[in-house]
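Have a look at the structure below, then the notes.
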Amino acid sequence: TFPATEKSSMDFVYDSFADQPDKLPRDIQYEKLLKFIHAYGQDLTGLESQLEEPQTDGWDIFADPIRLDFEPRSNETLEDILGFVNRDNKIFFKLMMTFPAIACELQSLVAEAKEKYVPVLCVFGEQPIGSEGRESDEALCFGRILPLLQDLWNYCERVYLVVLHLIRQLASLYSKKNRKKSPLTAYLNVRFAPIWRTLAEALGVLVQFDEIVRQNEAFSNCATVFKRMMRTVRNAPEKYETDGPSAKRFEYLMQKLEGDLLDDLIFQNCVDREFDERSCDILVRDNAEFMAEFFGALNSLYTFYTTENCVEINKRHAMVGFCGLFVMFSTIFRDKLRKDAKYTEMLTKVWGLQKQMSLIHLGSTYTFHIGEWLARRIPDFVNVTFKTRNADISGSKTALLHSLADMDAIIMEKYNKITVWSSRLESKPSIHQDHQDVINVQARLLVQGIAHAWEVSNLLKSFLLVHMVVDSPFNRDKILAAMRLVEMLKAIVATYHRKSTTIGNMQSLLVDKACYKISRLISPLKQKLEHNQQKLDDAQIDQLSALELMIHVLQGAPTKTHLLVIKMALCVAQQKTANPIIDTQALVEISGYVRHLELIAHFQGLVSEACDCSILYYFEELLDVYFKAIVKSPELINSLPYITMALHDAAPVLLKVQHLSEAEALLNAFVKCIIDKIDTEITHPVKRSIEDELRLHIHSVVLGSDSRDISKIGHFRDWSRFVKLPTFNFFGQQVSFRTAITEYLDEQFYNLTAISSHDWKTYEELRSLAKEKYDLSLLEVHLPGAIIEQGLDVLEITRNIHVFVGRYNYNLNGQFFVEKPSTTKSNHLHTIHIRHVSNSIRTHGTGIMNTTVNFVFQFLGKKFFIFSQFLYDDHIKSRLMKDYRSFLEQRDDYKGLYPFKKAEKFLKDIKKLGVTEDGKSYLDQFRELVTEIGNALGYVRMVRSGGFRYISESIKFVPDLSNVVSIGEAAERGELPEHTVSAAANLDALLNDMITKFSEGADYFKMLEEVFYTEMHKEKNQHLKNFFIILPPLMLSYVEHIITCKEKVQKKSKEATFTDDGFALGCAFVLKLLRQEKQFDGLQWEEGWNAYYDANLEVSRAQIEEKRAKDAAAMKGKKGKVQPSAAVENEISTMALSQNKILTSKRECDVLWKTYHSTTVFFKDRNSQDKKDDEEEEEEEEEEEA
């Protein structure tokens, strides 16, 4: 026995069949499986919701490197497709071989035209954005495209031949002789609609060629220039390595080609051909049966294309071919249609099509207008029938523009439809939904997407082209409306791409379902004919053969050739007989399934063609407004990836260009233009706006309230949308606003923290705010900490170089700067030494050395402008010229020495012109200017020395600089890992660079000299040649200044200083720059100055000795020890003070000259060009003296 339990009923599992006797066990298990799958799906959804990034089965069209190709393919020939079915019915077999073969030939020609010729013709004459073509370029462009025009010439001849053959074949079939008892009699009731449509497509291509060439003015312009060039070649053939007959023959062929291709005759040459072949008894123009069939086919095509529920996708482009077919009919039977009422009615219907389809896009910005084209092709019929033809044509364009006035409502309607369609296509079917219903829904959605794409595509192209044709300007709202249409088109492409895996798995099911539906409809008809096979007439036998052929072909791949054979067989099966085997309802169903089969099998190509946005290349100016609108309305940023994806569509067309020397020139210029516009119009404004937003937020926290005026802001913009936008690809370049903003803020915060290190806390708060507000992970600024005696920061000095040179004095020998006491209130003075510069370079890197030179260059440029203005002044220039002329005239009297008195008098006379509030004359201010120039150069020298010190400290661990072992080569020999070898190679490169800099360095003085030399020696700066004459009084002013400053050191005055070597360095640099060293040396100012001081010293000593001698003689006569009188001692003391003053001046003069000669060493490295310039200056000087 078993122990009893409380829930014994749960211990047994009852038979499900007994519980549910009305259900089969299979159905019960199926329900359980559905419940399990449903529960499992809910579990996966719950797990997915917990992940940061959702895991979907869709593909991201912006990131995936591959895509699936669903185009059906087959290697079967037409004969293989037909197989051995109905080979006994020879007439049927021949027809199924003949007409489909011609149609396939025309289809291949149409595909060749779209792939090879149309894109090249559309872009002919286009120049890369930003470039301008010249007349010589026009001849080159035409010469480069001439081989393609020759191929196009042969292509057109091939199309003419195939069209001629097809027309004759149709005329042979639909002829009066077949009305009598004939094997072809039954086919007089058959209308091969696919053949007529294929013929219309071929004629549409010819019309497209004509319109593109006619509307593209580049063809006529380039052809004119090319012919002009050929006339030149013909007149002088030997100059161009040819002969006269060849040039004439080429010119004749050129004229023939121009007449056939460039004179709007491509289509006309096709329809004007002689179609009758009387030798074979083939009549076309006088064939009433063929004329009736032709007219009936036009009526059928018109009805088909104008039906509202027409499933023809590209109706607009098909209408071009239909118009071409209509004009062909009008041309062939022109004489018989003069007073034909039915034809006039048909013409009126075709003329009215321009109200429905005013402008049809042919490529680029070229359009096809039905009314204008008919008026040009069949003017005799149009002029008689339509008296207000011009008003009708212009009215159709205006009506189209008015119909698109309310674009917002139209776009909203399309947007809602596409949104619903996309949601339904991407939604998962219910587990309770029948799988047959799922397949039917997916098939309808697949076709609906194609229809939506063509509707939006036609709307976009009509909207853009009608504004261009009627010259109506675009405003911001219209441009944004156009971009929304583009976004919808690419959203459709993205939807198909995301569902590509599902569609790939389901396409075969959809194709099989369509084939099954067709087979199920025609199988009873086939069985009915087979049941009465013995009583069938010829027409019914052909119908039976057609049905058998359809069933046979449906078993193969749905390629275009297979589908063409199916359509042709269906035409035979639906022929008009007394008792038609296929009723109207069945025919509509079969035709619908065949069309759906074609759309499902070739949906990918249809979607790609419908969503092609290459037209945007020709309206790229609109993108400026669109990009600016994105910044003003950040909610538009989500459309940017779709717009850039649309711009990719221009690449296949632009890469086919043949009139330029480089095939990628157009595309590269276009890509660069768009990238620059994105950077200029979006990235830079957004970066600055986010930075301003962060700063204002921090300031509002610091100040306690927002400092902005809310009433002036307008509306707040959500800049986070730009940061959240995923990275997308644009022609191989990754566009990421997050990365660009992050790098910009990193750079800004680092630089500003490095310059103002005391604000580091503020920028740390900005980083935290950027993370919190925009989820930006900015880098931490790990600046090296300050060390002992870091001193002033070189970057700060460099940024304020104009202030630094005026507040600091330079010492040449010690290579340091000391702050002027008069510029600070502190009791301590700052000094700048080489070690301080070295420490700053260690902190910021060697790049600050070049930055320093750049800032000094800008500073010197401003100072030399003031320098030039002073020497250009009339008072200064005239006085200098006068003194120099006087010196030259009296040089022998002065023994070649520039007189001290003349310099002293110049100094005094300048003071008479006026002084500043602090007692400085104009010459003193000029001396300070030269000193500041020298201080700037001294700062450059000190930075260079600091760089040497930094490098020497960095490489002090290298044992022998003359024999550095290559660590990279040693790592390779040791077969170390690749990353180790790479790191060793980087170390070798770093060592070599530092050793080179340590051994050579950079001569910054030479660089600055070369930069300013050209400007200073221009004709407008001739007044600078007098600079060397002003140096004597300028040096006197410096000596007086430095003596005064040193005397104030003991008095602890604010004006005290003990060094100011910047003046000597500035004088040496300017003399070198102006190439006036020899002229200044020719003054012998140093010798003259020393001679003056020596003479004064001798006079002073002699006077003192004489005074003492006289006093001693006076005391001799007196008895006793007599002291010198107080008056005499005071007089001698006064004379001694004068002597000491002369000695002090002489000592400072000697220091100045030694400093000056020391600075000239920096500029001794002179090349041959300098010597040549000096020689020329000496010759000019000699000429002036003469």
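In the structure tokens, each chain is lettered A, B, ... as it comes, each chain's residues begin at 1, and ligands are numbered from 1 in order of appearance.
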Fewer than 3 positions away in the same chain doesn't count, so skip those; otherwise give me all residues within 10 Å of Ala610 (chain A), counting only C-alpha atoms, as a ChimeraX atom specification. /A:313-314,450-458,489,493,604-607,613
Set the distance at 8 Å and use only C-alpha atoms: which residues neighbour region 475-482 of chain A once local chain neighbours fewer than 3 positions away are removed? I'd like the list as number ranges by chain. A: 407-408, 411, 460, 463-464, 485-486, 622, 625-626
In Å, how far is it from CA of Ala391 (chain A) to CA of Lys355 (chain A)?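 Value for the CA of Ala391 (chain A)-CA of Lys355 (chain A) distance: 12.1 Å.
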Interatomic distance, CA of Ala1064 (chain A) to CA of Tyr1156 (chain A) (Å, one decimal):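 CA of Ala1064 (chain A) sits 4.9 Å away from CA of Tyr1156 (chain A).
Proximity ranking of A:Leu536, A:Ile522, A:Val1099, A:Cys141 relative to Ile1142 (chain A) places A:Val1099 first, based on only C-alpha atoms.
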Best match for closeness to Leu1073 (chain A) among A:Phe1028, A:Met346, A:Ala1095, A:Cys1045, counting only C-alpha atoms: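 Smallest separation from Leu1073 (chain A) among the options: A:Phe1028.
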Shell of 10 Å around Phe92 (chain A), only C-alpha atoms, local chain residues under 2 positions omitted, as JSON, numbers by chain: {"A": [86, 87, 88, 89, 90, 94, 95, 96, 97, 98, 183, 184, 187, 541, 542, 543, 545, 546, 569, 572]}
Which of region 704-886 of chain A fall in helix (DSSP H, G or I), as a PyMOL selection string: chain A and resi 710-713+720-724+737-755+757-774+794-799+801-807+821-823+834-844+847-872+874-886
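The spacing separating CA of Gln658 (chain A) from CA of Pro147 (chain A) amounts to 9.6 Å.
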Using only C-alpha atoms, the residue out of A:Cys515, A:Ala405, A:Ile995, A:Ile492 with shortest distance to Val420 (chain A) is A:Ile492
Exercise: Lys911 (chain A) partners within 12 Å, only C-alpha atoms, chain neighbours under 3 positions left out, as JSON, numbers by chain: {"A": [904, 905, 906, 907, 908, 914, 915, 916, 919, 920, 921, 922, 923, 924, 925, 1033, 1037]}
Selection near Met1016 (chain A), 10 Å with only C-alpha atoms, sequence-local residues under 6 positions removed, as an NGL selection string: :A and (864 or 868 or 1022 or 1024-1025 or 1073-1074)
Just the residues within 7 Å of Tyr808 (chain A), please, counting only C-alpha atoms, with nothing from its chain fewer than 2 positions along; format it as JSON, numbers by chain. {"A": [804, 805, 806, 810, 817, 818, 819, 820]}
Between A:Gln150, A:Thr77, A:Ser1145, A:Ser1158, which residue has the minimum interatomic distance to Leu253 (chain A), considering only C-alpha atoms?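 Among the listed residues, the smallest separation from Leu253 (chain A) belongs to A:Gln150.
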Tell me which protein, DNA and RNA residues are within 9 Å of Met1035 (chain A), counting only C-alpha atoms, leaving out same-chain ones fewer than 4 positions away, and put them as a PyMOL selection string. chain A and resi 927+1030-1031+1039-1040+1063-1064+1149+1152
Each residue of region 509-529 of chain A with at least one atom at most 10 Å from region 548-564 of chain A should appear once, together with its nearest atom pair and the corresponding distance in Å (one decimal); atoms considered: only C-alpha atoms; ordering: chain, then increasing residue number; output as CSV.
residue,atom,partner,partner_atom,distance
A:Val511,CA,A:Pro558,CA,8.0
A:Asp512,CA,A:Gln555,CA,9.0
A:Ala514,CA,A:Leu554,CA,9.5
A:Cys515,CA,A:Leu554,CA,6.0
A:Tyr516,CA,A:Leu554,CA,8.6
A:Ile518,CA,A:Ile551,CA,8.5
A:Ser519,CA,A:Ile551,CA,6.2
A:Arg520,CA,A:Ile551,CA,9.7
A:Ile522,CA,A:Ile551,CA,8.1
A:Ser523,CA,A:Ile551,CA,8.1
A:Lys526,CA,A:Glu548,CA,7.2
From the set A:Leu636, A:Val1151, A:Val327, A:Val565, which residue has the shortest atom-to-atom contact distance to Asp80 (chain A), counting only C-alpha atoms?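 Of all the options, A:Val565 lies closest to Asp80 (chain A).
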